[in-house]
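Student: Structure file work_36.cif, mmCIF, C-alpha atoms, is pasted below:
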```cif
data_run
#
loop_
_atom_site.group_PDB
_atom_site.id
_atom_site.type_symbol
_atom_site.label_atom_id
_atom_site.label_comp_id
_atom_site.auth_asym_id
_atom_site.auth_seq_id
_atom_site.Cartn_x
_atom_site.Cartn_y
_atom_site.Cartn_z
ATOM 1 C CA MET W 1 75.711 -93.921 -98.494
ATOM 2 C CA ARG W 2 76.063 -91.926 -101.708
ATOM 3 C CA GLY W 3 79.227 -89.822 -101.819
ATOM 4 C CA LEU W 4 79.618 -86.358 -103.242
ATOM 5 C CA SER W 5 79.488 -85.969 -106.999
ATOM 6 C CA ASP W 6 82.355 -84.381 -108.922
ATOM 7 C CA ALA W 7 80.309 -81.213 -109.314
ATOM 8 C CA GLN W 8 79.608 -81.059 -105.566
ATOM 9 C CA ARG W 9 83.283 -81.604 -104.767
ATOM 10 C CA ALA W 10 84.293 -78.838 -107.188
ATOM 11 C CA LYS W 11 81.771 -76.470 -105.603
ATOM 12 C CA LEU W 12 82.995 -77.336 -102.101
ATOM 13 C CA THR W 13 86.640 -76.861 -103.103
ATOM 14 C CA ALA W 14 85.834 -73.454 -104.602
ATOM 15 C CA ALA W 15 84.056 -72.398 -101.396
ATOM 16 C CA ILE W 16 87.026 -73.497 -99.271
ATOM 17 C CA GLU W 17 89.455 -71.667 -101.554
ATOM 18 C CA GLN W 18 87.377 -68.520 -101.339
ATOM 19 C CA LEU W 19 87.264 -68.767 -97.532
ATOM 20 C CA ALA W 20 91.040 -69.275 -97.339
ATOM 21 C CA TRP W 21 91.743 -66.207 -99.489
ATOM 22 C CA THR W 22 89.287 -64.126 -97.460
ATOM 23 C CA VAL W 23 91.146 -65.026 -94.269
ATOM 24 C CA ALA W 24 94.516 -64.439 -95.958
ATOM 25 C CA ARG W 25 93.471 -60.951 -97.106
ATOM 26 C CA GLU W 26 92.278 -60.088 -93.605
ATOM 27 C CA ASN W 27 95.571 -61.250 -92.072
ATOM 28 C CA LEU W 28 97.579 -59.220 -94.591
ATOM 29 C CA GLU W 29 95.218 -56.249 -94.250
ATOM 30 C CA LEU W 30 94.570 -56.198 -97.987
ATOM 31 C CA GLU W 31 91.480 -54.923 -99.715
ATOM 32 C CA PRO W 32 88.591 -57.402 -99.523
ATOM 33 C CA ASP W 33 88.660 -58.079 -103.271
ATOM 34 C CA ALA W 34 92.452 -58.199 -103.552
ATOM 35 C CA GLY W 35 93.811 -61.540 -104.644
ATOM 36 C CA PRO W 36 97.283 -62.749 -105.654
ATOM 37 C CA ARG W 37 98.442 -60.441 -108.443
ATOM 38 C CA ALA W 38 100.291 -61.604 -111.503
ATOM 39 C CA ASP W 39 103.098 -59.091 -111.185
ATOM 40 C CA PRO W 40 103.667 -58.071 -107.534
ATOM 41 C CA PRO W 41 107.107 -56.917 -106.355
ATOM 42 C CA ASP W 42 109.408 -59.877 -105.709
ATOM 43 C CA ALA W 43 109.553 -59.162 -101.958
ATOM 44 C CA GLU W 44 105.769 -59.438 -101.712
ATOM 45 C CA LEU W 45 105.290 -62.370 -104.046
ATOM 46 C CA PRO W 46 105.044 -65.270 -101.548
ATOM 47 C CA GLN W 47 103.139 -63.503 -98.779
ATOM 48 C CA PRO W 48 99.544 -63.906 -100.020
ATOM 49 C CA TRP W 49 100.185 -67.557 -100.856
ATOM 50 C CA LEU W 50 101.761 -68.240 -97.464
ATOM 51 C CA ALA W 51 98.826 -66.575 -95.743
ATOM 52 C CA ALA W 52 96.421 -68.675 -97.799
ATOM 53 C CA LEU W 53 98.382 -71.814 -96.879
ATOM 54 C CA THR W 54 98.094 -70.940 -93.176
ATOM 55 C CA ALA W 55 94.369 -70.404 -93.590
ATOM 56 C CA LEU W 56 93.883 -73.688 -95.452
ATOM 57 C CA LEU W 57 95.708 -75.661 -92.769
ATOM 58 C CA ALA W 58 93.590 -73.969 -90.085
ATOM 59 C CA ILE W 59 90.483 -74.921 -92.091
ATOM 60 C CA ARG W 60 91.741 -78.504 -92.252
ATOM 61 C CA ASP W 61 92.234 -78.641 -88.465
ATOM 62 C CA SER W 62 88.808 -77.124 -87.863
ATOM 63 C CA ALA W 63 87.248 -79.611 -90.270
ATOM 64 C CA GLU W 64 88.849 -82.489 -88.344
ATOM 65 C CA GLN W 65 87.410 -81.187 -85.087
ATOM 66 C CA LEU W 66 83.985 -80.704 -86.648
ATOM 67 C CA ALA W 67 84.126 -84.177 -88.192
ATOM 68 C CA ALA W 68 84.779 -85.690 -84.757
ATOM 69 C CA SER W 69 81.854 -83.731 -83.304
ATOM 70 C CA VAL W 70 79.550 -84.780 -86.141
ATOM 71 C CA ALA W 71 80.616 -88.421 -85.831
ATOM 72 C CA LEU W 72 79.755 -88.246 -82.120
ATOM 73 C CA SER W 73 76.336 -86.726 -82.866
ATOM 74 C CA ALA W 74 75.670 -89.370 -85.524
ATOM 75 C CA ALA W 75 76.546 -92.138 -83.059
ATOM 76 C CA GLN W 76 74.270 -90.626 -80.412
ATOM 77 C CA ARG W 77 71.442 -90.730 -82.950
ATOM 78 C CA GLY W 78 71.910 -94.382 -83.777
ATOM 79 C CA ALA W 79 74.695 -94.586 -86.389
ATOM 80 C CA ASP W 80 77.068 -97.526 -85.926
ATOM 81 C CA TYR W 81 80.712 -97.787 -86.976
ATOM 82 C CA PRO W 82 79.954 -99.325 -90.407
ATOM 83 C CA ALA W 83 77.653 -96.394 -91.228
ATOM 84 C CA ILE W 84 80.103 -93.804 -89.905
ATOM 85 C CA GLY W 85 82.951 -95.436 -91.817
ATOM 86 C CA ASP W 86 80.879 -95.473 -95.001
ATOM 87 C CA ALA W 87 80.091 -91.765 -94.638
ATOM 88 C CA ALA W 88 83.781 -91.017 -93.987
ATOM 89 C CA GLY W 89 85.022 -93.151 -96.885
ATOM 90 C CA MET W 90 86.788 -95.657 -94.673
ATOM 91 C CA THR W 91 86.246 -99.091 -93.190
ATOM 92 C CA ARG W 92 84.445 -99.802 -89.949
ATOM 93 C CA GLN W 93 87.801 -100.525 -88.319
ATOM 94 C CA GLY W 94 89.216 -97.277 -89.654
ATOM 95 C CA ALA W 95 86.309 -95.299 -88.214
ATOM 96 C CA ARG W 96 86.731 -97.019 -84.845
ATOM 97 C CA ARG W 97 90.457 -96.149 -84.798
ATOM 98 C CA LYS W 98 89.813 -92.550 -85.801
ATOM 99 C CA TRP W 99 86.903 -91.949 -83.416
ATOM 100 C CA PRO W 100 87.081 -94.477 -80.569
ATOM 101 C CA GLY W 101 84.406 -94.666 -77.916
ATOM 102 C CA LEU W 102 81.327 -94.093 -80.073
ATOM 103 C CA ALA W 103 79.837 -97.560 -79.610
ATOM 104 C CA GLY W 104 76.834 -97.586 -77.298
ATOM 105 C CA LEU W 105 76.150 -93.852 -77.450
ATOM 106 C CA ALA W 106 72.834 -94.378 -79.206
ATOM 107 C CA ASP W 107 71.679 -96.562 -76.310
ATOM 108 C CA GLN W 108 72.817 -93.921 -73.835
ATOM 109 C CA ARG W 109 70.913 -91.242 -75.713
ATOM 110 C CA GLN W 110 67.802 -93.411 -75.736
ATOM 111 C CA ARG W 111 68.067 -93.896 -71.974
ATOM 112 C CA LYS W 112 68.432 -90.158 -71.537
ATOM 113 C CA LEU W 113 65.411 -89.505 -73.767
ATOM 114 C CA SER W 114 63.352 -92.054 -71.865
ATOM 115 C CA TRP W 115 64.249 -90.463 -68.529
ATOM 116 C CA TRP W 116 63.492 -86.965 -69.831
ATOM 117 C CA ASN W 117 60.120 -88.028 -71.242
ATOM 118 C CA THR W 118 59.247 -89.548 -67.870
ATOM 119 C CA ARG W 119 60.819 -87.070 -65.448
ATOM 120 C CA GLY W 120 61.695 -83.954 -67.449
ATOM 121 C CA GLY W 121 58.639 -81.956 -66.447
ATOM 122 C CA GLN W 122 59.040 -82.818 -62.769
ATOM 123 C CA PHE W 123 62.763 -82.038 -62.927
ATOM 124 C CA THR W 124 62.226 -78.631 -64.563
ATOM 125 C CA GLU W 125 59.482 -77.669 -62.106
ATOM 126 C CA CYS W 126 61.659 -78.731 -59.163
ATOM 127 C CA VAL W 127 64.689 -76.799 -60.468
ATOM 128 C CA ARG W 128 62.609 -73.622 -60.746
ATOM 129 C CA ALA W 129 61.317 -74.014 -57.201
ATOM 130 C CA VAL W 130 64.768 -74.694 -55.736
ATOM 131 C CA LEU W 131 66.262 -71.725 -57.596
ATOM 132 C CA ALA W 132 63.697 -69.479 -55.925
ATOM 133 C CA ILE W 133 64.479 -70.995 -52.523
ATOM 134 C CA ALA W 134 68.270 -70.876 -52.863
ATOM 135 C CA GLU W 135 68.479 -67.420 -54.466
ATOM 136 C CA GLY W 136 71.078 -65.339 -52.656
ATOM 137 C CA GLN W 137 72.547 -68.193 -50.626
ATOM 138 C CA PRO W 138 76.333 -67.930 -50.325
ATOM 139 C CA GLY W 139 78.603 -70.648 -51.667
ATOM 140 C CA LEU W 140 76.399 -71.670 -54.603
ATOM 141 C CA PRO W 141 78.301 -70.663 -57.771
ATOM 142 C CA TRP W 142 76.143 -73.053 -59.831
ATOM 143 C CA LEU W 143 72.990 -70.960 -59.453
ATOM 144 C CA ALA W 144 73.768 -68.534 -62.280
ATOM 145 C CA ASN W 145 74.575 -71.369 -64.681
ATOM 146 C CA LEU W 146 71.408 -73.201 -63.742
ATOM 147 C CA HIS W 147 69.315 -70.056 -64.256
ATOM 148 C CA ALA W 148 70.784 -69.579 -67.733
ATOM 149 C CA GLN W 149 70.446 -73.256 -68.675
ATOM 150 C CA LEU W 150 66.830 -73.353 -67.575
ATOM 151 C CA THR W 151 65.998 -70.279 -69.661
ATOM 152 C CA GLU W 152 67.794 -71.644 -72.702
ATOM 153 C CA SER W 153 66.175 -75.045 -72.260
ATOM 154 C CA GLY W 154 62.722 -73.501 -72.333
ATOM 155 C CA GLN W 155 63.475 -71.858 -75.673
ATOM 156 C CA ALA W 156 65.377 -74.761 -77.240
ATOM 157 C CA SER W 157 64.139 -77.493 -79.517
ATOM 158 C CA PRO W 158 63.605 -80.938 -77.947
ATOM 159 C CA VAL W 159 66.899 -82.145 -79.439
ATOM 160 C CA ARG W 160 68.882 -79.193 -78.073
ATOM 161 C CA ARG W 161 67.157 -79.506 -74.717
ATOM 162 C CA LEU W 162 68.232 -83.122 -74.469
ATOM 163 C CA GLU W 163 71.810 -82.247 -75.427
ATOM 164 C CA ALA W 164 71.919 -79.636 -72.655
ATOM 165 C CA LEU W 165 70.566 -82.027 -70.035
ATOM 166 C CA ASP W 166 73.995 -83.216 -68.883
ATOM 167 C CA MET W 167 75.128 -79.728 -67.879
ATOM 168 C CA MET W 168 71.808 -78.991 -66.211
ATOM 169 C CA LEU W 169 72.135 -82.177 -64.171
ATOM 170 C CA VAL W 170 75.671 -81.308 -63.064
ATOM 171 C CA ASP W 171 74.660 -77.878 -61.763
ATOM 172 C CA ALA W 172 71.313 -79.022 -60.342
ATOM 173 C CA HIS W 173 73.067 -81.859 -58.495
ATOM 174 C CA ALA W 174 75.597 -79.413 -57.025
ATOM 175 C CA VAL W 175 72.885 -76.979 -55.924
ATOM 176 C CA ALA W 176 70.763 -79.739 -54.380
ATOM 177 C CA LEU W 177 73.687 -81.088 -52.351
ATOM 178 C CA ASN W 178 75.078 -77.737 -51.210
ATOM 179 C CA ALA W 179 72.043 -75.529 -50.638
ATOM 180 C CA LEU W 180 71.275 -74.690 -47.032
ATOM 181 C CA MET W 181 68.142 -76.416 -45.816
ATOM 182 C CA PRO W 182 65.430 -73.854 -45.001
ATOM 183 C CA ASP W 183 63.229 -74.127 -41.924
ATOM 184 C CA ASP W 184 60.107 -74.430 -44.064
ATOM 185 C CA PRO W 185 59.461 -78.205 -44.458
ATOM 186 C CA THR W 186 57.979 -77.794 -47.940
ATOM 187 C CA ALA W 187 61.010 -75.877 -49.174
ATOM 188 C CA ALA W 188 63.378 -78.369 -47.553
ATOM 189 C CA ARG W 189 61.526 -81.242 -49.214
ATOM 190 C CA LEU W 190 61.966 -79.614 -52.651
ATOM 191 C CA ILE W 191 65.743 -79.471 -52.217
ATOM 192 C CA GLY W 192 65.774 -83.115 -51.159
ATOM 193 C CA LEU W 193 63.592 -84.018 -54.133
ATOM 194 C CA LEU W 194 65.993 -82.315 -56.539
ATOM 195 C CA ALA W 195 68.860 -84.347 -55.078
ATOM 196 C CA ALA W 196 66.813 -87.525 -55.579
ATOM 197 C CA LEU W 197 65.882 -86.551 -59.143
ATOM 198 C CA THR W 198 69.472 -85.892 -60.197
ATOM 199 C CA ALA W 199 70.688 -89.092 -58.553
ATOM 200 C CA ASP W 200 67.957 -90.988 -60.385
ATOM 201 C CA ALA W 201 68.931 -89.341 -63.696
ATOM 202 C CA TYR W 202 72.561 -90.379 -63.325
ATOM 203 C CA ALA W 203 71.555 -93.950 -62.520
ATOM 204 C CA ALA W 204 69.034 -94.151 -65.342
ATOM 205 C CA THR W 205 71.174 -92.633 -68.090
ATOM 206 C CA ASN W 206 74.535 -94.009 -66.960
ATOM 207 C CA GLY W 207 76.118 -90.827 -68.278
ATOM 208 C CA HIS W 208 78.382 -90.094 -65.321
ATOM 209 C CA SER W 209 80.064 -93.341 -64.344
ATOM 210 C CA ALA W 210 82.147 -91.746 -61.604
ATOM 211 C CA LEU W 211 78.952 -90.927 -59.719
ATOM 212 C CA ILE W 212 77.136 -94.213 -60.163
ATOM 213 C CA THR W 213 79.839 -96.891 -60.157
ATOM 214 C CA ARG W 214 79.207 -99.225 -57.289
ATOM 215 C CA ASP W 215 81.941 -101.103 -55.449
ATOM 216 C CA ALA W 216 79.659 -103.666 -53.800
ATOM 217 C CA LYS W 217 79.135 -101.488 -50.734
ATOM 218 C CA ALA W 218 77.248 -102.891 -47.796
ATOM 219 C CA CYS W 219 74.925 -100.686 -45.793
ATOM 220 C CA GLY W 220 76.954 -98.344 -43.623
ATOM 221 C CA THR W 221 74.692 -98.670 -40.602
ATOM 222 C CA HIS W 222 76.370 -100.688 -37.862
ATOM 223 C CA ASP W 223 75.679 -104.433 -38.035
ATOM 224 C CA CYS W 224 73.312 -104.120 -41.007
ATOM 225 C CA PRO W 225 73.983 -107.026 -43.431
ATOM 226 C CA CYS W 226 71.963 -105.590 -46.333
ATOM 227 C CA ASP W 227 73.341 -104.218 -49.575
ATOM 228 C CA SER W 228 73.151 -100.462 -50.036
ATOM 229 C CA VAL W 229 70.784 -98.976 -52.610
ATOM 230 C CA VAL W 230 71.793 -95.306 -52.305
ATOM 231 C CA GLU W 231 74.534 -93.181 -50.815
ATOM 232 C CA LEU W 232 73.394 -90.444 -48.471
ATOM 233 C CA LEU W 233 74.986 -87.108 -47.716
ATOM 234 C CA GLY W 234 74.616 -86.638 -43.992
ATOM 235 C CA PRO W 235 73.489 -83.498 -42.133
ATOM 236 C CA ASP W 236 76.576 -83.356 -39.907
ATOM 237 C CA PRO W 237 79.078 -80.480 -40.339
ATOM 238 C CA GLY W 238 81.607 -82.842 -41.920
ATOM 239 C CA ARG W 239 79.096 -83.752 -44.670
ATOM 240 C CA LYS W 240 80.040 -87.420 -44.522
ATOM 241 C CA THR W 241 78.572 -89.829 -47.043
ATOM 242 C CA LEU W 242 77.010 -93.096 -45.972
ATOM 243 C CA PRO W 243 75.904 -96.063 -48.112
ATOM 244 C CA ALA W 244 72.466 -97.150 -46.974
ATOM 245 C CA CYS W 245 70.067 -100.022 -47.567
ATOM 246 C CA ARG W 246 66.468 -99.154 -48.292
ATOM 247 C CA GLN W 247 65.311 -99.240 -44.668
ATOM 248 C CA HIS W 248 68.135 -97.089 -43.355
ATOM 249 C CA ALA W 249 67.924 -94.745 -46.333
ATOM 250 C CA VAL W 250 64.263 -94.096 -45.546
ATOM 251 C CA GLU W 251 65.099 -93.488 -41.883
ATOM 252 C CA GLY W 252 68.001 -91.174 -42.767
ATOM 253 C CA LEU W 253 65.949 -89.112 -45.219
ATOM 254 C CA ARG W 254 63.420 -88.296 -42.526
ATOM 255 C CA GLN W 255 66.041 -85.813 -41.304
ATOM 256 C CA ALA W 256 65.476 -82.845 -43.605
ATOM 257 C CA ALA W 257 69.153 -82.025 -44.113
ATOM 258 C CA THR W 258 70.015 -85.539 -45.346
ATOM 259 C CA ARG W 259 70.118 -85.844 -49.123
ATOM 260 C CA ILE W 260 70.603 -88.643 -51.639
ATOM 261 C CA MET W 261 73.975 -88.253 -53.304
ATOM 262 C CA THR W 262 74.074 -91.394 -55.459
ATOM 263 C CA ALA W 263 71.641 -94.111 -56.498
ATOM 264 C CA TYR W 264 72.856 -97.542 -57.518
ATOM 265 C CA GLU W 265 69.988 -98.355 -59.863
ATOM 266 C CA PRO W 266 67.232 -96.439 -61.685
ATOM 267 C CA ASP W 267 64.090 -95.307 -59.807
ATOM 268 C CA VAL W 268 65.376 -96.333 -56.385
ATOM 269 C CA ALA W 269 66.291 -92.766 -55.340
ATOM 270 C CA LEU W 270 62.805 -91.442 -56.013
ATOM 271 C CA SER W 271 61.011 -94.416 -54.474
ATOM 272 C CA VAL W 272 63.149 -94.232 -51.305
ATOM 273 C CA PHE W 273 62.594 -90.472 -51.081
ATOM 274 C CA ALA W 274 58.837 -90.883 -51.559
ATOM 275 C CA GLU W 275 58.664 -93.573 -48.865
ATOM 276 C CA ALA W 276 60.600 -91.398 -46.432
ATOM 277 C CA HIS W 277 58.144 -88.535 -46.938
ATOM 278 C CA GLY W 278 55.019 -90.672 -46.908
ATOM 279 C CA ASP W 279 54.146 -90.104 -50.566
#
```
Mind turning this structure into structure tokens?

Tutor:
Amino acid sequence: MRGLSDAQRAKLTAAIEQLAWTVARENLELEPDAGPRADPPDAELPQPWLAALTALLAIRDSAEQLAASVALSAAQRGADYPAIGDAAGMTRQGARRKWPGLAGLADQRQRKLSWWNTRGGQFTECVRAVLAIAEGQPGLPWLANLHAQLTESGQASPVRRLEALDMMLVDAHAVALNALMPDDPTAARLIGLLAALTADAYAATNGHSALITRDAKACGTHDCPCDSVVELLGPDPGRKTLPACRQHAVEGLRQAATRIMTAYEPDVALSVFAEAHGD
């Protein structure tokens, strides 16, 4: 990757210097166009320079934070450590030491994009319907966030919408698991569908390992030898979770208040939910 030319570096340095002096003047409550004077009183001599130094160091810290954020975004969009190191003027190993954990993010982003392209419309429609059903229910602090995220998502570019998906999933998952089941079967089904959709998203994108890591759980139904495919949140007052094989998951989901909390592989949550509801 081509680096900055001398002229570009000089222009960037001048812009940073100007920003530092602007901040220094504000901190010292000086006139906007006041700079370090050639003949200030001795007592005042170091103050503008010290204020500029403070500003420059703050700019440096902010630049480091922004560089980390940009490196993360580059990795999500397919850049590997050699490319990131080249852009940063360091080796691949140096980039890995400076910004660990970037490997594989491009694959994760691609999985997220694939899921959104397949299920995004269904997810958005289901969120809107559940928000209307759950409006005013007590104990759902995620509703306001989800309302705001849905509005912003509708106005955002496809890239921004994808970046906001993680937070939407967190709040949608919480609403789906905690909303009170209405008596209307259609409304109850929509809440269950949202739980299945969010569980499927976590399994497909592998973005929340704490929710999808599987510890080789067997089906929790007594004497069932099968492996579990999902984890259900039961309708009982204690809200116990139960790993379930496909057969017992289908049977459990026929009780309206039972919801899928976790899926152990992509698509299984939605297919189990559809089978339980005869779709």

Student: Please, which residues are within 12 Å of (74.1, -81.7, -74.1) by the file's coordinates, counting only C-alpha atoms, and could they come as a ChimeraX atom specification?

Tutor: /W:72-73,76,109,112-113,149,152-153,156,158-170,207

Student: Which residues come within 7 Å of Trp21 of chain W, counting only C-alpha atoms, excluding same-chain residues fewer than 4 positions away, as a list in words?

Tutor: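 What passes the distance filter is Glu17, Arg25 and Ala52 of chain W.
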
Student: Ranking W:Gly121, W:Pro82, W:Pro100, W:Pro185 by minimum distance to Ile133 of chain W and counting only C-alpha atoms, which one comes first?

Tutor: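 Nearest to Ile133 of chain W: W:Pro185.
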
Student: Near Ala132 of chain W, within 12 Å and counting only C-alpha atoms, which residues show up once chain neighbours fewer than 2 positions away are dropped, as a list in words?

Tutor: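 Counting only C-alpha atoms, the residues come to Glu125, Cys126, Val127, Arg128, Ala129, Val130, Ala134, Glu135, Gly136, Gln137, Leu143, Ala144, Leu146, His147, Val175, Ala179, Pro182, Ala187, Leu190 and Ile191 of chain W.
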
Student: May I ask which of the residues W:Leu233, W:Val272, W:Val250, W:Leu242 is the closest one to Thr221 of chain W, counting all atoms listed in the file?

Tutor: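 Of W:Leu233, W:Val272, W:Val250, W:Leu242, the one nearest Thr221 of chain W, counting all atoms listed in the file, is W:Leu242.
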
Student: Go through W:Thr205, W:Ser271, W:Thr186, W:Gln247 one by one, measure the shortest atom-to-atom distance of each to Ala106 of chain W using all atoms listed in the file, and give the residue with the smallest value.

Tutor: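 Going through W:Thr205, W:Ser271, W:Thr186, W:Gln247 one by one, the smallest distance to Ala106 of chain W is for W:Thr205.
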
Student: How many Å separate atom CA of Gly3 of chain W from atom CA of Ala95 of chain W?

Tutor: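 Going from atom CA of Gly3 of chain W over to atom CA of Ala95 of chain W, I get 16.3 Å.
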
Student: Can you work out the spacing between atom CA of Ala75 of chain W and atom CA of Thr91 of chain W in Å, to one decimal?

Tutor: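 Separation of atom CA of Ala75 of chain W and atom CA of Thr91 of chain W: 15.7 Å.
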
Student: Mind telling me what the PyMOL selection byres ((chain W and resi 50) around 12) catches here, as a VMD selection string?

Tutor: chain W and resid 20 to 21 23 to 25 27 to 28 36 44 to 49 51 to 57

Student: Could you work out how far atom CA of Asp200 of chain W lies from atom CA of Ala269 of chain W, giving the answer in Å with one decimal?

Tutor: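 These atoms are spaced 5.6 Å apart.
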
Student: Select, counting all atoms listed in the file, all protein, DNA and RNA residues no farther than 9 Å from (76.1, -97.5, -40.3) in file coordinates, and express the selection as a list in words.

Tutor: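 Checking each residue against the 9 Å limit leaves Cys219, Gly220, Thr221, His222, Asp223, Cys224, Leu242, Pro243, Ala244 and His248 of chain W.
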
Student: Around all the atoms of segment 91-94 of chain W listed in the file, with 5 Å of room on each side, what axis-aligned box do you get, giving centre and edge lengths in Å to one decimal, as JSON?

Tutor:
```
{"center_x": 86.8, "center_y": -98.9, "center_z": -90.8, "size_x": 14.8, "size_y": 13.2, "size_z": 14.9}
```

Student: Have a look at W:Arg259, W:Ala201, W:Leu66, W:Ala174 and name the one nearest to Phe123 of chain W; count all atoms listed in the file.

Tutor: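 So, comparing all the options, the nearest one is W:Ala201.
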
Student: Go through W:Thr22, W:Thr262, W:Thr124, W:Gln108 and flag the residue nearest Val229 of chain W, using only C-alpha atoms for the distances.

Tutor: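 Result for the nearest residue to Val229 of chain W: W:Thr262.
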
Student: Taking the file as I've supplied it (selection: the PyMOL selection byres ((chain W and resi 68-70) around 12)), which residues are included? Please answer as an mmCIF file with C-alpha atoms, in the frame of the given file.

Tutor:
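Writing done, so here's out_38.cif:
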```
data_model
loop_
_atom_site.group_PDB
_atom_site.id
_atom_site.type_symbol
_atom_site.label_atom_id
_atom_site.label_comp_id
_atom_site.auth_asym_id
_atom_site.auth_seq_id
_atom_site.Cartn_x
_atom_site.Cartn_y
_atom_site.Cartn_z
ATOM 1 C CA ASP W 61 92.234 -78.641 -88.465
ATOM 2 C CA SER W 62 88.808 -77.124 -87.863
ATOM 3 C CA ALA W 63 87.248 -79.611 -90.270
ATOM 4 C CA GLU W 64 88.849 -82.489 -88.344
ATOM 5 C CA GLN W 65 87.410 -81.187 -85.087
ATOM 6 C CA LEU W 66 83.985 -80.704 -86.648
ATOM 7 C CA ALA W 67 84.126 -84.177 -88.192
ATOM 8 C CA ALA W 71 80.616 -88.421 -85.831
ATOM 9 C CA LEU W 72 79.755 -88.246 -82.120
ATOM 10 C CA SER W 73 76.336 -86.726 -82.866
ATOM 11 C CA ALA W 74 75.670 -89.370 -85.524
ATOM 12 C CA ALA W 75 76.546 -92.138 -83.059
ATOM 13 C CA GLN W 76 74.270 -90.626 -80.412
ATOM 14 C CA ARG W 77 71.442 -90.730 -82.950
ATOM 15 C CA ALA W 79 74.695 -94.586 -86.389
ATOM 16 C CA ILE W 84 80.103 -93.804 -89.905
ATOM 17 C CA ALA W 87 80.091 -91.765 -94.638
ATOM 18 C CA ALA W 88 83.781 -91.017 -93.987
ATOM 19 C CA ALA W 95 86.309 -95.299 -88.214
ATOM 20 C CA ARG W 96 86.731 -97.019 -84.845
ATOM 21 C CA ARG W 97 90.457 -96.149 -84.798
ATOM 22 C CA LYS W 98 89.813 -92.550 -85.801
ATOM 23 C CA TRP W 99 86.903 -91.949 -83.416
ATOM 24 C CA PRO W 100 87.081 -94.477 -80.569
ATOM 25 C CA GLY W 101 84.406 -94.666 -77.916
ATOM 26 C CA LEU W 102 81.327 -94.093 -80.073
#
```

Student: Which residues, named as in the file, does the PyMOL selection byres ((chain W and resi 276) around 10) pick out? Answer as a ChimeraX atom specification.

Tutor: /W:246-255,270-275,277-279

Student: Smallest atom-to-atom distance to Leu105 of chain W: which of W:Asp171, W:Asp86, W:Asp80, W:Asp227, using only C-alpha atoms?

Tutor: W:Asp80
